[in-house]
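Input: a single structure, listed below in structure tokens.
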Amino acid sequence: MGFKLSREAFDAVLQSWTDDYVLFAPKRFEQGGIYSDTDCIRYGQVQAVDEIVFDSKSLYSFKEALLPVSETLFFFTEETVKEADPPKKGAIIFLRSCDLHGLKRLDEIYLRNGPEDAYYRRLRDRVQFVLMGCPHSFENCFCVSMGTNQATDYAISVDVEGDGFLVDCKSEAWAERITPRAEAELDVTPRHVTENAVTVNIPETLTIQVASSRIWDEYDNRCIDCGRCNFVCPTCTCFTMQDLFYTENGRVGERRRIWASCMVDGFTDVAGGGSYRKKNGERMRFKVLHKVYDFKVRTGSHMCVGCGRCDDVCPEYISFSNSVNKLDQAMKEVSGR
Amino acid sequence: MDINTKKLKKNAFRVTKVRGMTASRIRVPGGHLDARYLGKIQEIAERFGNGTIHITSRQGFEIPGIPYEKMAEVNALLQPLIEGLDINQSEPGTGYPASGTRNITACIGNRVCPYACYDTTAFARRIEKAVFPNDLHFKIALTGCPNDCMKVRMHDFGIMGMTEPQFEPQRCVSCEACIDVCAKKSVTALKAVKYRPQRNEEKCIGCGECVLNCPNMAWTRSKEKYYRLTLMGRTGKKNPRLGEDFIKWGDEASIIKIILNTYDYVEKYIDRNAPGGKEHIGYIVDRTGFEEFKGWALKDVNLPAKARVFTPLYWQGIKY
Amino acid sequence: MTDNEYVPFLSKITEIIRHTDIEYTFRMTYDGDVKPGQFFEVSIPKYGEAPISVSGIGDGTVDLTIRKVGKVTNEVFEHTMGDHLFLRGPYGNGFDLDDYRGRELVVVAGGTGLSPVRGVVDHFARHPEEVKGMTLITGFKSPADILFFGDLARWKQSMEVILTVDCADDGDKPAACQIGLVTEHLPKVKLGDISRAVAIVVGPPAMMRFSVLGLLELGFAEKNIWISQERKMCCGIGKCGHCKIGDVYVCLDGPVFNYTKGRTLID
Ligand SMILES: Cc1cc2nc3c(=O)[nH]c(=O)nc-3n(C[C@H](O)[C@H](O)[C@H](O)COP(=O)(O)OP(=O)(O)OC[C@H]3O[C@@H](n4cnc5c(N)ncnc54)[C@H](O)[C@@H]3O)c2cc1C
Ligand code: SF4
Ligand code: SF4
Ligand code: FES
């Protein structure tokens, strides 16, 4: 069901959600950029529609709302463990088409790759998704190449239209709240892009042989293994566990998990000083092939959703999409050998 | 030719080696200007000078080879520049007033540099507004961060940008990038405690390396801008020395007030018989003692709670 | 019981068997299905977790043979009989005994690599009629590093056992022990039909690589060789990503891999 809503009316709908839900959306952190006097657009809790940033891409993805950077799993004493409580409220997450496709990748890992993850499940079941339409492509986006430029699995969609919004609502319960506030009822299709300035070509013939190509070598020196590309990615899912104790001698504490990055030192360290993929080029290869090769072998779809955030954030101007576009040449190189 | 050399110096001209020829000295506060003014400078050099320009060590331009009689015409041409750079001027069309207090210099600051903690040029211009025109010999410089590319420690007043890193533990991924970079490039103010960095506030110099290097924005900059103020550095023939830290985590208003207070102090204590009536502030402080100076400098200054005042100060430097 | 995989359960240490100064087997209470080659996450609040292979399966117990190397394993060694440890698992695929039944089986194990495969060896030692023949080649750095010495003597009665140490002062070396790397002893294996013979290789990376090459040289088919991989692990259930190699998660799809798959895994 489609509606046209004024800004005030949409804000009223949004307020009506706040009893049951916490709202996460891209918002402006003033003076929150890493350089002085710069802002940062990233996800945070919002209270009103005016806080939501519709006209820029967020630097980090929505995933932190569903997969907290740091999440307590349980509290322990010497011989007991107690699972951490879930948040009191559910969540509504505003996100774009690429990110909504990213959600399917998170589901794949957290709900299907091995046993279900209880912490992800209990949050996931209480989250609703609001699709933010894309009137145009942003810098570095390549969603069209990845087939993620259009999404349908939303509760409602929002597009900025003049001073108000166009909304497509798939939830009956929510339609009831919206109808009395709407200016008009009409058919709404969320805006989406049909082309990006950046395109990628993932060769059909790609095999793991490509690992031995020389294309990876340039990243040995270019990449500084900071991990930003992983942390901003809507589909990177890795974590590490940590045990904390609250007092020096007591044994009371918590076990938590925190985001991990396959680009950062320590990811593969084993006892006795061993580690795999010491070179940054090898880490780049591992990451790129996970995103556009082996996840598909395992699940049938590519992990990468083409949001381009890894390119947006890399301090060394390493372009992921550009590295993907080298795969064709790399396959020729290794199969010619 | 009858020229009052005392007066022309106070109008930003110079007595040169070549008899009959002067040089026009153009100050650019904060060292940043619109490109169009370069055209004006070029015009003066080509019409009245010898067609060359010297880029000065204090972020100005010096146009040599100008006949003394052209000074008025040069001043007229300088007017758009003086207005554009917002120089305090007593009477329009009369050129740059005064040359005692030196151009307030600044590194490129946060308009371009990722390390800079503030807009150095803008702050320099605000100080310019507060202190110019002035005949007293003050050297003030601003630099964006503790790298001190502007070499502010060689000035009477050195202003160094600082940020107070804000830590959001929930965003930390324990990569230790901040701890590493602080140890390698800065002062080792961070150490890992229970998987997360702990900042030694005493040690921290507010350079912002942790903010720049954290991959997950667990560190961000404070909204408030902070400054370190260093005092009484100098070059010169007698006892050149580096400025010492006076205030850490200071604010802009206090720094401007301290500078203005120092003008009052110098007015009171300067040796009127010094050659040319000029005396470096540092020598005056050496004479009156630091405590007397401090009393004047901090009069009516309201430092932020965070600020730390270092006292007493002792300077080293080269002695002959 | 909770369906939250991350929450560990308490298990009691019923016996501790000391092999060397830094390698003990902890016999732990456990009721449930488990296969040789699978592993448990041994979990000690405040210290963390360590994946440890099942080295033996008893009635209501599992054996965990642990080498003391770091934070968690050091702490495990502070525990004594009657104490409890937290466990979660079992995880991983483990060895499928059917792959070896009715065949000639060669097990090549280096160092602690013997522990994940011990369950397989022990099973066929008790049921020699299930295989056509069996050889165990197991190597340790020095005589002081030998694990499961008592088992080795027992196994000798129902299979060919080649026990070797990399080097040793002669006086030190137990009589039943030879010298040299496991690979040097491979050609000694007597086999009827090499094309149907199967092999398991477990141990440190270099030892595994050379042993597999040796087996291939002898004429083993790739599909008849199994290896067990160790990687950094954290969750054990396919979530944390640490153990991923190419398109496999060692914790889910392994640690046991048929060599046709293992061969394609590039770290
Ligand atoms: C499938 C599997 C089976 C294993 N079976 C055994 C066994 O039967 N007996 C035995 O003694 N050891 C075994 N290991 C190795 C054992 O897990 C490590 O020695 C142990 O994790 C070291 O932990 P630590 O805290 O004592 O050492 P530390 O060096 O202090 O460990 C630091 C961190 O590294 C991780 N880590 C270190 N080494 C490894 C490793 N090899 N694998 C995975 N994570 C590691 C730990 O999770 C920990 O977070 C096995 C490993 C795997 C993956
Ligand atoms: S590719 Fe760029 S963002 Fe990613 S780890 Fe390397 S330097 Fe950091
Ligand atoms: S760099 Fe950031 S994420 Fe890494 S340890 Fe420091 S605060 Fe934590
Ligand atoms: S150990 Fe976490 S995915 Fe395998």
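Ordering of the structure tokens sets the chain letters (A, B, ...); residue numbers start at 1 within each chain; ligands are numbered from 1 in the order shown.
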Could you list, as number ranges by chain, every residue of chain C that has an atom within 9 Å of an atom of chain A, counting only C-alpha atoms?
C: 3-10, 44-49, 69-70, 84-86, 231-235, 237-243, 245-248, 252, 264-267
If we count only C-alpha atoms, which residues of chain A reach to within 7 Å of chain B? Please list them as a CSV table (one decimal) with all heavy atoms, in the first residue's frame.
```
chain,number,residue,atom,x,y,z
A,31,GLN,N,31.0,17.1,14.0
A,31,GLN,CA,32.4,17.1,14.5
A,31,GLN,C,32.9,15.7,14.9
A,31,GLN,O,33.8,15.5,15.6
A,31,GLN,CB,32.5,17.9,15.8
A,31,GLN,CG,32.2,19.4,15.6
A,31,GLN,CD,33.3,20.2,15.2
A,31,GLN,OE1,34.4,20.1,15.7
A,31,GLN,NE2,33.1,21.1,14.3
A,32,GLY,N,32.2,14.7,14.3
A,32,GLY,CA,32.5,13.3,14.6
A,32,GLY,C,33.4,12.6,13.6
A,32,GLY,O,33.6,11.4,13.7
A,34,ILE,N,37.0,11.8,11.6
A,34,ILE,CA,38.4,11.6,12.2
A,34,ILE,C,39.2,12.8,12.1
A,34,ILE,O,40.1,13.0,12.8
A,34,ILE,CB,39.1,10.3,11.7
A,34,ILE,CG1,39.5,10.5,10.2
A,34,ILE,CG2,38.2,9.1,11.8
A,34,ILE,CD1,40.5,9.4,9.8
A,35,TYR,N,38.9,13.7,11.1
A,35,TYR,CA,39.7,14.9,11.0
A,35,TYR,C,39.0,16.0,11.7
A,35,TYR,O,37.7,16.0,11.8
A,35,TYR,CB,39.9,15.3,9.5
A,35,TYR,CG,40.5,14.2,8.7
A,35,TYR,CD1,39.9,13.7,7.5
A,35,TYR,CD2,41.7,13.6,9.1
A,35,TYR,CE1,40.4,12.7,6.8
A,35,TYR,CE2,42.2,12.5,8.3
A,35,TYR,CZ,41.6,12.1,7.2
A,35,TYR,OH,42.1,11.1,6.5
A,36,SER,N,39.7,17.1,12.1
A,36,SER,CA,39.0,18.1,12.9
A,36,SER,C,38.1,18.9,12.0
A,36,SER,O,38.3,19.0,10.8
A,36,SER,CB,40.1,19.0,13.6
A,36,SER,OG,40.8,19.7,12.6
A,69,VAL,N,29.2,-4.2,17.9
A,69,VAL,CA,30.7,-4.3,17.8
A,69,VAL,C,31.2,-5.1,19.0
A,69,VAL,O,32.1,-5.9,18.9
A,69,VAL,CB,31.3,-2.9,17.9
A,69,VAL,CG1,32.8,-3.0,17.8
A,69,VAL,CG2,30.8,-2.0,16.7
A,70,SER,N,30.6,-4.9,20.1
A,70,SER,CA,31.0,-5.6,21.3
A,70,SER,C,29.7,-6.1,22.0
A,70,SER,O,28.8,-5.3,22.3
A,70,SER,CB,31.7,-4.6,22.2
A,70,SER,OG,32.0,-5.1,23.5
A,226,CYS,N,44.8,-2.3,8.3
A,226,CYS,CA,44.1,-1.6,9.3
A,226,CYS,C,42.8,-2.2,9.6
A,226,CYS,O,42.2,-2.1,10.7
A,226,CYS,CB,43.9,-0.1,8.9
A,226,CYS,SG,42.9,0.1,7.5
A,227,GLY,N,42.2,-2.9,8.6
A,227,GLY,CA,40.9,-3.5,8.8
A,227,GLY,C,39.7,-2.7,8.6
A,227,GLY,O,38.5,-3.1,8.7
A,228,ARG,N,39.8,-1.4,8.2
A,228,ARG,CA,38.7,-0.6,8.0
A,228,ARG,C,37.7,-1.1,7.0
A,228,ARG,O,36.5,-1.1,7.2
A,228,ARG,CB,39.1,0.8,7.5
A,228,ARG,CG,39.7,1.7,8.6
A,228,ARG,CD,40.1,3.0,8.0
A,228,ARG,NE,40.6,4.0,9.0
A,228,ARG,CZ,41.9,4.0,9.5
A,228,ARG,NH1,42.7,3.1,9.1
A,228,ARG,NH2,42.2,4.8,10.4
A,231,PHE,N,35.5,-3.5,8.7
A,231,PHE,CA,34.6,-3.0,9.7
A,231,PHE,C,33.4,-2.2,9.1
A,231,PHE,O,32.3,-2.1,9.7
A,231,PHE,CB,35.4,-2.1,10.8
A,231,PHE,CG,36.4,-2.9,11.5
A,231,PHE,CD1,37.7,-2.5,11.6
A,231,PHE,CD2,36.1,-4.1,12.1
A,231,PHE,CE1,38.7,-3.2,12.3
A,231,PHE,CE2,37.0,-4.9,12.7
A,231,PHE,CZ,38.3,-4.4,12.8
A,244,LEU,N,36.5,-11.3,30.4
A,244,LEU,CA,36.8,-10.2,31.3
A,244,LEU,C,36.5,-10.6,32.7
A,244,LEU,O,35.5,-11.2,32.9
A,244,LEU,CB,35.8,-9.0,31.0
A,244,LEU,CG,36.1,-8.0,30.0
A,244,LEU,CD1,37.1,-7.1,30.5
A,244,LEU,CD2,36.5,-8.6,28.7
A,258,ILE,N,33.6,-9.5,20.1
A,258,ILE,CA,33.9,-8.2,19.4
A,258,ILE,C,34.2,-8.5,18.0
A,258,ILE,O,34.7,-9.5,17.6
A,258,ILE,CB,35.0,-7.5,20.1
A,258,ILE,CG1,36.2,-8.4,20.3
A,258,ILE,CG2,34.6,-6.9,21.4
A,258,ILE,CD1,37.5,-7.7,20.2
A,259,TRP,N,33.9,-7.5,17.1
A,259,TRP,CA,34.2,-7.7,15.7
A,259,TRP,C,35.7,-8.0,15.5
A,259,TRP,O,36.6,-7.5,16.2
A,259,TRP,CB,33.9,-6.3,15.0
A,259,TRP,CG,32.5,-6.0,14.8
A,259,TRP,CD1,31.4,-6.7,15.2
A,259,TRP,CD2,32.0,-4.8,14.1
A,259,TRP,NE1,30.3,-6.1,14.9
A,259,TRP,CE2,30.6,-4.9,14.2
A,259,TRP,CE3,32.6,-3.8,13.5
A,259,TRP,CZ2,29.8,-3.9,13.6
A,259,TRP,CZ3,31.8,-2.8,12.9
A,259,TRP,CH2,30.4,-2.9,13.0
A,260,ALA,N,35.9,-8.8,14.5
A,260,ALA,CA,37.3,-9.1,14.1
A,260,ALA,C,37.5,-8.9,12.6
A,260,ALA,O,36.5,-8.8,11.9
A,260,ALA,CB,37.6,-10.6,14.5
```
Nearest-residue call for ligand 3, choices B:Ser57, B:Thr311, B:Gln198, B:Thr230, using only C-alpha atoms and all ligand atoms
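That would be B:Gln198, the residue with the smallest distance to ligand 3.
Atom CA of Ala199 of chain C to atom CA of Leu64 of chain C spans 23.3 Å [interatomic distance, one decimal].
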Contacts of segment 322-330 of chain A at 12 Å (only C-alpha atoms; same-chain gap of 6+ positions) as an NGL selection string:
:A and (140 or 142 or 145-146 or 198-219 or 281 or 284-285 or 287-293 or 304 or 306 or 308 or 310-311 or 336-337)
So which bits of segment 26-243 of chain B end up strand (DSSP E or B) when you DSSP the backbone, as a CSV table (one decimal) with N, CA, C and O atoms, in the first residue's frame?
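Output file result36.csv is given in full below:
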```csv
chain,number,residue,atom,x,y,z
B,26,ILE,N,54.8,42.8,2.8
B,26,ILE,CA,53.3,42.4,2.8
B,26,ILE,C,53.1,41.2,3.8
B,26,ILE,O,53.6,40.1,3.5
B,27,ARG,N,52.4,41.5,4.8
B,27,ARG,CA,52.1,40.4,5.8
B,27,ARG,C,50.9,39.7,5.4
B,27,ARG,O,49.9,40.2,5.0
B,54,HIS,N,60.3,38.4,-3.0
B,54,HIS,CA,60.9,37.4,-2.0
B,54,HIS,C,59.8,36.9,-1.1
B,54,HIS,O,59.0,37.6,-0.6
B,55,ILE,N,59.8,35.5,-1.0
B,55,ILE,CA,58.8,34.9,0.0
B,55,ILE,C,59.5,34.9,1.3
B,55,ILE,O,60.6,34.3,1.5
B,60,GLY,N,55.2,36.2,4.4
B,60,GLY,CA,54.8,37.4,3.7
B,60,GLY,C,55.6,37.5,2.4
B,60,GLY,O,56.2,36.5,2.0
B,61,PHE,N,55.4,38.6,1.7
B,61,PHE,CA,56.1,38.8,0.5
B,61,PHE,C,56.9,40.1,0.6
B,61,PHE,O,56.4,41.1,1.2
B,62,GLU,N,58.0,40.2,0.1
B,62,GLU,CA,58.8,41.4,0.1
B,62,GLU,C,59.1,41.8,-1.3
B,62,GLU,O,59.7,41.0,-2.1
B,63,ILE,N,58.7,43.0,-1.7
B,63,ILE,CA,58.9,43.4,-3.1
B,63,ILE,C,60.0,44.4,-3.1
B,63,ILE,O,59.9,45.6,-2.6
B,64,PRO,N,61.2,44.0,-3.6
B,64,PRO,CA,62.4,44.9,-3.5
B,64,PRO,C,62.4,45.9,-4.8
B,64,PRO,O,61.7,45.7,-5.7
B,65,GLY,N,63.3,46.8,-4.7
B,65,GLY,CA,63.6,47.7,-5.9
B,65,GLY,C,62.6,48.8,-6.1
B,65,GLY,O,62.3,49.1,-7.3
B,66,ILE,N,61.9,49.2,-5.1
B,66,ILE,CA,60.9,50.3,-5.2
B,66,ILE,C,61.5,51.6,-4.9
B,66,ILE,O,62.0,51.8,-3.8
B,67,PRO,N,61.4,52.6,-5.8
B,67,PRO,CA,61.9,53.9,-5.4
B,67,PRO,C,61.1,54.5,-4.3
B,67,PRO,O,59.8,54.3,-4.3
B,105,THR,N,52.1,33.8,12.2
B,105,THR,CA,52.2,32.8,11.2
B,105,THR,C,51.5,31.5,11.6
B,105,THR,O,51.2,31.3,12.8
B,106,ALA,N,51.2,30.7,10.6
B,106,ALA,CA,50.5,29.5,10.9
B,106,ALA,C,50.9,28.4,9.9
B,106,ALA,O,51.1,28.7,8.7
B,140,ILE,N,54.5,35.7,17.3
B,140,ILE,CA,53.4,34.7,17.7
B,140,ILE,C,53.3,33.7,16.5
B,140,ILE,O,53.2,34.2,15.3
B,141,ALA,N,53.2,32.4,16.8
B,141,ALA,CA,52.9,31.5,15.7
B,141,ALA,C,52.0,30.4,16.1
B,141,ALA,O,51.9,30.1,17.3
B,142,LEU,N,51.3,29.8,15.1
B,142,LEU,CA,50.3,28.8,15.4
B,142,LEU,C,50.6,27.5,14.6
B,142,LEU,O,50.9,27.6,13.4
B,143,THR,N,50.5,26.4,15.2
B,143,THR,CA,50.7,25.2,14.5
B,143,THR,C,49.5,24.2,14.9
B,143,THR,O,49.0,24.3,16.0
B,157,PHE,N,55.3,33.4,21.6
B,157,PHE,CA,54.1,32.7,21.9
B,157,PHE,C,53.9,31.6,20.9
B,157,PHE,O,53.8,31.9,19.7
B,158,GLY,N,53.9,30.4,21.3
B,158,GLY,CA,53.7,29.2,20.4
B,158,GLY,C,52.4,28.6,20.7
B,158,GLY,O,52.1,28.3,21.9
B,159,ILE,N,51.5,28.4,19.7
B,159,ILE,CA,50.2,27.8,20.0
B,159,ILE,C,50.1,26.5,19.2
B,159,ILE,O,50.3,26.5,18.0
B,160,MET,N,49.9,25.5,19.9
B,160,MET,CA,49.9,24.1,19.3
B,160,MET,C,48.5,23.5,19.5
B,160,MET,O,48.0,23.4,20.6
B,161,GLY,N,47.9,23.0,18.4
B,161,GLY,CA,46.6,22.4,18.5
B,161,GLY,C,46.6,21.1,19.3
B,161,GLY,O,47.6,20.4,19.2
B,162,MET,N,45.5,20.9,20.1
B,162,MET,CA,45.4,19.6,20.8
B,162,MET,C,43.9,19.2,20.6
B,162,MET,O,43.0,20.0,20.6
B,166,GLN,N,38.3,11.2,22.7
B,166,GLN,CA,37.1,10.7,23.4
B,166,GLN,C,37.0,9.2,23.1
B,166,GLN,O,37.0,8.8,21.9
B,167,PHE,N,36.8,8.4,24.1
B,167,PHE,CA,36.8,6.9,23.9
B,167,PHE,C,35.4,6.3,24.1
B,167,PHE,O,34.8,6.6,25.1
B,190,LEU,N,49.1,5.4,25.8
B,190,LEU,CA,48.1,4.3,25.8
B,190,LEU,C,48.7,3.0,26.2
B,190,LEU,O,49.8,2.7,25.8
B,191,LYS,N,47.9,2.3,27.0
B,191,LYS,CA,48.3,0.9,27.2
B,191,LYS,C,47.0,0.0,27.2
B,191,LYS,O,46.0,0.5,27.5
B,192,ALA,N,47.2,-1.3,26.9
B,192,ALA,CA,46.0,-2.1,26.9
B,192,ALA,C,45.7,-2.6,28.3
B,192,ALA,O,46.5,-3.1,29.0
B,193,VAL,N,44.4,-2.4,28.7
B,193,VAL,CA,44.0,-2.9,30.0
B,193,VAL,C,42.7,-3.6,29.7
B,193,VAL,O,41.7,-3.0,29.2
B,196,ARG,N,41.4,-3.3,26.1
B,196,ARG,CA,41.1,-2.0,25.5
B,196,ARG,C,42.1,-0.9,26.0
B,196,ARG,O,42.7,-1.1,27.0
B,197,PRO,N,42.3,0.1,25.2
B,197,PRO,CA,43.3,1.1,25.5
B,197,PRO,C,42.9,1.9,26.7
B,197,PRO,O,41.7,2.3,26.9
B,198,GLN,N,43.9,2.2,27.5
B,198,GLN,CA,43.6,3.1,28.7
B,198,GLN,C,44.6,4.3,28.5
B,198,GLN,O,45.8,4.1,28.2
B,199,ARG,N,44.0,5.5,28.6
B,199,ARG,CA,44.8,6.7,28.2
B,199,ARG,C,45.4,7.3,29.5
B,199,ARG,O,44.6,7.6,30.5
B,219,TRP,N,37.8,6.0,19.0
B,219,TRP,CA,38.3,7.3,19.4
B,219,TRP,C,37.8,8.3,18.5
B,219,TRP,O,37.8,8.2,17.2
B,220,THR,N,37.3,9.4,19.0
B,220,THR,CA,36.9,10.6,18.2
B,220,THR,C,37.5,11.8,18.9
B,220,THR,O,38.0,11.8,20.0
B,226,TYR,N,41.5,22.4,22.1
B,226,TYR,CA,42.4,22.7,23.1
B,226,TYR,C,43.7,23.1,22.5
B,226,TYR,O,44.0,22.7,21.4
B,227,TYR,N,44.5,23.8,23.3
B,227,TYR,CA,45.8,24.3,22.8
B,227,TYR,C,46.9,24.2,23.9
B,227,TYR,O,46.6,24.3,25.1
B,228,ARG,N,48.1,24.0,23.4
B,228,ARG,CA,49.2,24.1,24.3
B,228,ARG,C,49.9,25.5,24.0
B,228,ARG,O,50.0,25.9,22.8
B,229,LEU,N,50.2,26.2,25.0
B,229,LEU,CA,50.9,27.5,24.8
B,229,LEU,C,52.3,27.4,25.3
B,229,LEU,O,52.6,27.0,26.4
B,230,THR,N,53.2,27.7,24.4
B,230,THR,CA,54.7,27.6,24.8
B,230,THR,C,55.2,29.1,24.8
B,230,THR,O,54.7,29.9,24.1
B,231,LEU,N,56.1,29.3,25.7
B,231,LEU,CA,56.5,30.7,25.9
B,231,LEU,C,58.0,31.0,25.6
B,231,LEU,O,58.9,30.2,26.0
B,234,ARG,N,63.1,31.9,21.2
B,234,ARG,CA,63.6,32.9,20.3
B,234,ARG,C,64.9,32.5,19.5
B,234,ARG,O,65.6,31.6,19.9
B,241,ARG,N,66.9,30.1,22.2
B,241,ARG,CA,66.4,29.0,23.0
B,241,ARG,C,65.0,28.6,22.5
B,241,ARG,O,64.3,29.4,21.9
```
Give the residue list for ligand 2 at 6 Å, counting only C-alpha atoms and all ligand atoms, as an mmCIF file with all heavy atoms, in the first residue's frame, sorted by chain and then by residue number.
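pocket.cif written:
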```cif
data_model
loop_
_atom_site.group_PDB
_atom_site.id
_atom_site.type_symbol
_atom_site.label_atom_id
_atom_site.label_comp_id
_atom_site.auth_asym_id
_atom_site.auth_seq_id
_atom_site.Cartn_x
_atom_site.Cartn_y
_atom_site.Cartn_z
ATOM 1 N N CYS A 223 48.652 -2.064 1.158
ATOM 2 C CA CYS A 223 47.701 -2.195 2.267
ATOM 3 C C CYS A 223 48.434 -2.080 3.598
ATOM 4 O O CYS A 223 49.534 -2.608 3.759
ATOM 5 C CB CYS A 223 47.010 -3.551 2.155
ATOM 6 S SG CYS A 223 45.989 -3.968 3.577
ATOM 7 N N ILE A 224 47.832 -1.382 4.534
ATOM 8 C CA ILE A 224 48.453 -1.210 5.861
ATOM 9 C C ILE A 224 47.768 -2.085 6.915
ATOM 10 O O ILE A 224 47.860 -1.825 8.109
ATOM 11 C CB ILE A 224 48.439 0.268 6.303
ATOM 12 C CG1 ILE A 224 47.004 0.827 6.330
ATOM 13 C CG2 ILE A 224 49.312 1.105 5.376
ATOM 14 C CD1 ILE A 224 46.867 2.191 6.994
ATOM 15 N N ASP A 225 47.040 -3.062 6.515
ATOM 16 C CA ASP A 225 46.303 -4.018 7.362
ATOM 17 C C ASP A 225 45.587 -3.374 8.550
ATOM 18 O O ASP A 225 45.699 -3.821 9.683
ATOM 19 C CB ASP A 225 47.178 -5.220 7.784
ATOM 20 C CG ASP A 225 48.461 -4.852 8.523
ATOM 21 O OD1 ASP A 225 48.387 -4.010 9.415
ATOM 22 O OD2 ASP A 225 49.523 -5.401 8.196
ATOM 23 N N CYS A 226 44.833 -2.327 8.251
ATOM 24 C CA CYS A 226 44.124 -1.617 9.319
ATOM 25 C C CYS A 226 42.759 -2.233 9.608
ATOM 26 O O CYS A 226 42.229 -2.081 10.700
ATOM 27 C CB CYS A 226 43.948 -0.148 8.948
ATOM 28 S SG CYS A 226 42.866 0.134 7.532
ATOM 29 N N GLY A 227 42.164 -2.887 8.593
ATOM 30 C CA GLY A 227 40.875 -3.539 8.811
ATOM 31 C C GLY A 227 39.651 -2.673 8.574
ATOM 32 O O GLY A 227 38.522 -3.138 8.726
ATOM 33 N N ARG A 228 39.845 -1.418 8.196
ATOM 34 C CA ARG A 228 38.678 -0.553 7.994
ATOM 35 C C ARG A 228 37.706 -1.146 6.984
ATOM 36 O O ARG A 228 36.490 -1.088 7.160
ATOM 37 C CB ARG A 228 39.114 0.832 7.508
ATOM 38 C CG ARG A 228 39.720 1.691 8.587
ATOM 39 C CD ARG A 228 40.145 3.043 8.007
ATOM 40 N NE ARG A 228 40.624 3.958 9.025
ATOM 41 C CZ ARG A 228 41.854 3.950 9.511
ATOM 42 N NH1 ARG A 228 42.729 3.072 9.083
ATOM 43 N NH2 ARG A 228 42.209 4.820 10.428
ATOM 44 N N CYS A 229 38.265 -1.749 5.910
ATOM 45 C CA CYS A 229 37.405 -2.298 4.858
ATOM 46 C C CYS A 229 36.461 -3.356 5.435
ATOM 47 O O CYS A 229 35.315 -3.483 5.000
ATOM 48 C CB CYS A 229 38.248 -2.876 3.719
ATOM 49 S SG CYS A 229 39.603 -3.922 4.291
ATOM 50 N N MET A 263 41.949 -8.777 7.936
ATOM 51 C CA MET A 263 43.066 -7.982 7.437
ATOM 52 C C MET A 263 44.044 -7.611 8.561
ATOM 53 O O MET A 263 45.153 -7.173 8.307
ATOM 54 C CB MET A 263 42.556 -6.672 6.795
ATOM 55 C CG MET A 263 41.584 -6.839 5.646
ATOM 56 S SD MET A 263 42.224 -7.757 4.237
ATOM 57 C CE MET A 263 43.420 -6.610 3.560
ATOM 58 N N CYS A 314 38.961 3.293 2.633
ATOM 59 C CA CYS A 314 40.372 2.870 2.659
ATOM 60 C C CYS A 314 41.310 4.073 2.660
ATOM 61 O O CYS A 314 41.308 4.875 1.739
ATOM 62 C CB CYS A 314 40.702 1.964 1.476
ATOM 63 S SG CYS A 314 42.432 1.459 1.508
ATOM 64 N N PRO A 315 42.136 4.193 3.686
ATOM 65 C CA PRO A 315 43.024 5.351 3.770
ATOM 66 C C PRO A 315 44.129 5.295 2.722
ATOM 67 O O PRO A 315 44.762 6.297 2.436
ATOM 68 C CB PRO A 315 43.610 5.249 5.184
ATOM 69 C CG PRO A 315 43.512 3.810 5.546
ATOM 70 C CD PRO A 315 42.290 3.283 4.840
ATOM 71 N N GLU A 316 44.338 4.111 2.162
ATOM 72 C CA GLU A 316 45.390 3.957 1.159
ATOM 73 C C GLU A 316 44.813 3.956 -0.258
ATOM 74 O O GLU A 316 45.505 3.574 -1.208
ATOM 75 C CB GLU A 316 46.175 2.659 1.421
ATOM 76 C CG GLU A 316 46.837 2.627 2.798
ATOM 77 C CD GLU A 316 47.845 3.754 2.978
ATOM 78 O OE1 GLU A 316 48.609 4.027 2.047
ATOM 79 O OE2 GLU A 316 47.837 4.377 4.072
ATOM 80 N N ILE A 318 42.884 1.977 -1.741
ATOM 81 C CA ILE A 318 42.817 0.684 -2.414
ATOM 82 C C ILE A 318 41.356 0.444 -2.776
ATOM 83 O O ILE A 318 40.476 0.532 -1.921
ATOM 84 C CB ILE A 318 43.341 -0.433 -1.494
ATOM 85 C CG1 ILE A 318 44.855 -0.294 -1.343
ATOM 86 C CG2 ILE A 318 42.981 -1.811 -2.044
ATOM 87 C CD1 ILE A 318 45.459 -1.185 -0.267
#
```
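Close contacts of Lys188 of chain C, defined as residues with an atom at most 12 Å away when counting only C-alpha atoms, with chain neighbours fewer than 6 positions off set aside, comprise Val106, Thr135, Leu136, Ile137, Glu160, Val161, Ile162, Val182, Gly214, Leu215 and Leu218 of chain C.
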Could you give me, as a list in words, the residues within 9 Å of Ile205 of chain B, counting only C-alpha atoms and dropping anything in the same chain fewer than 4 positions from it?
Pro146, Met162, Thr163, Glu164, Ser186, Val187, Ala189, Glu201, Arg228, Lys248 and Trp249 of chain B
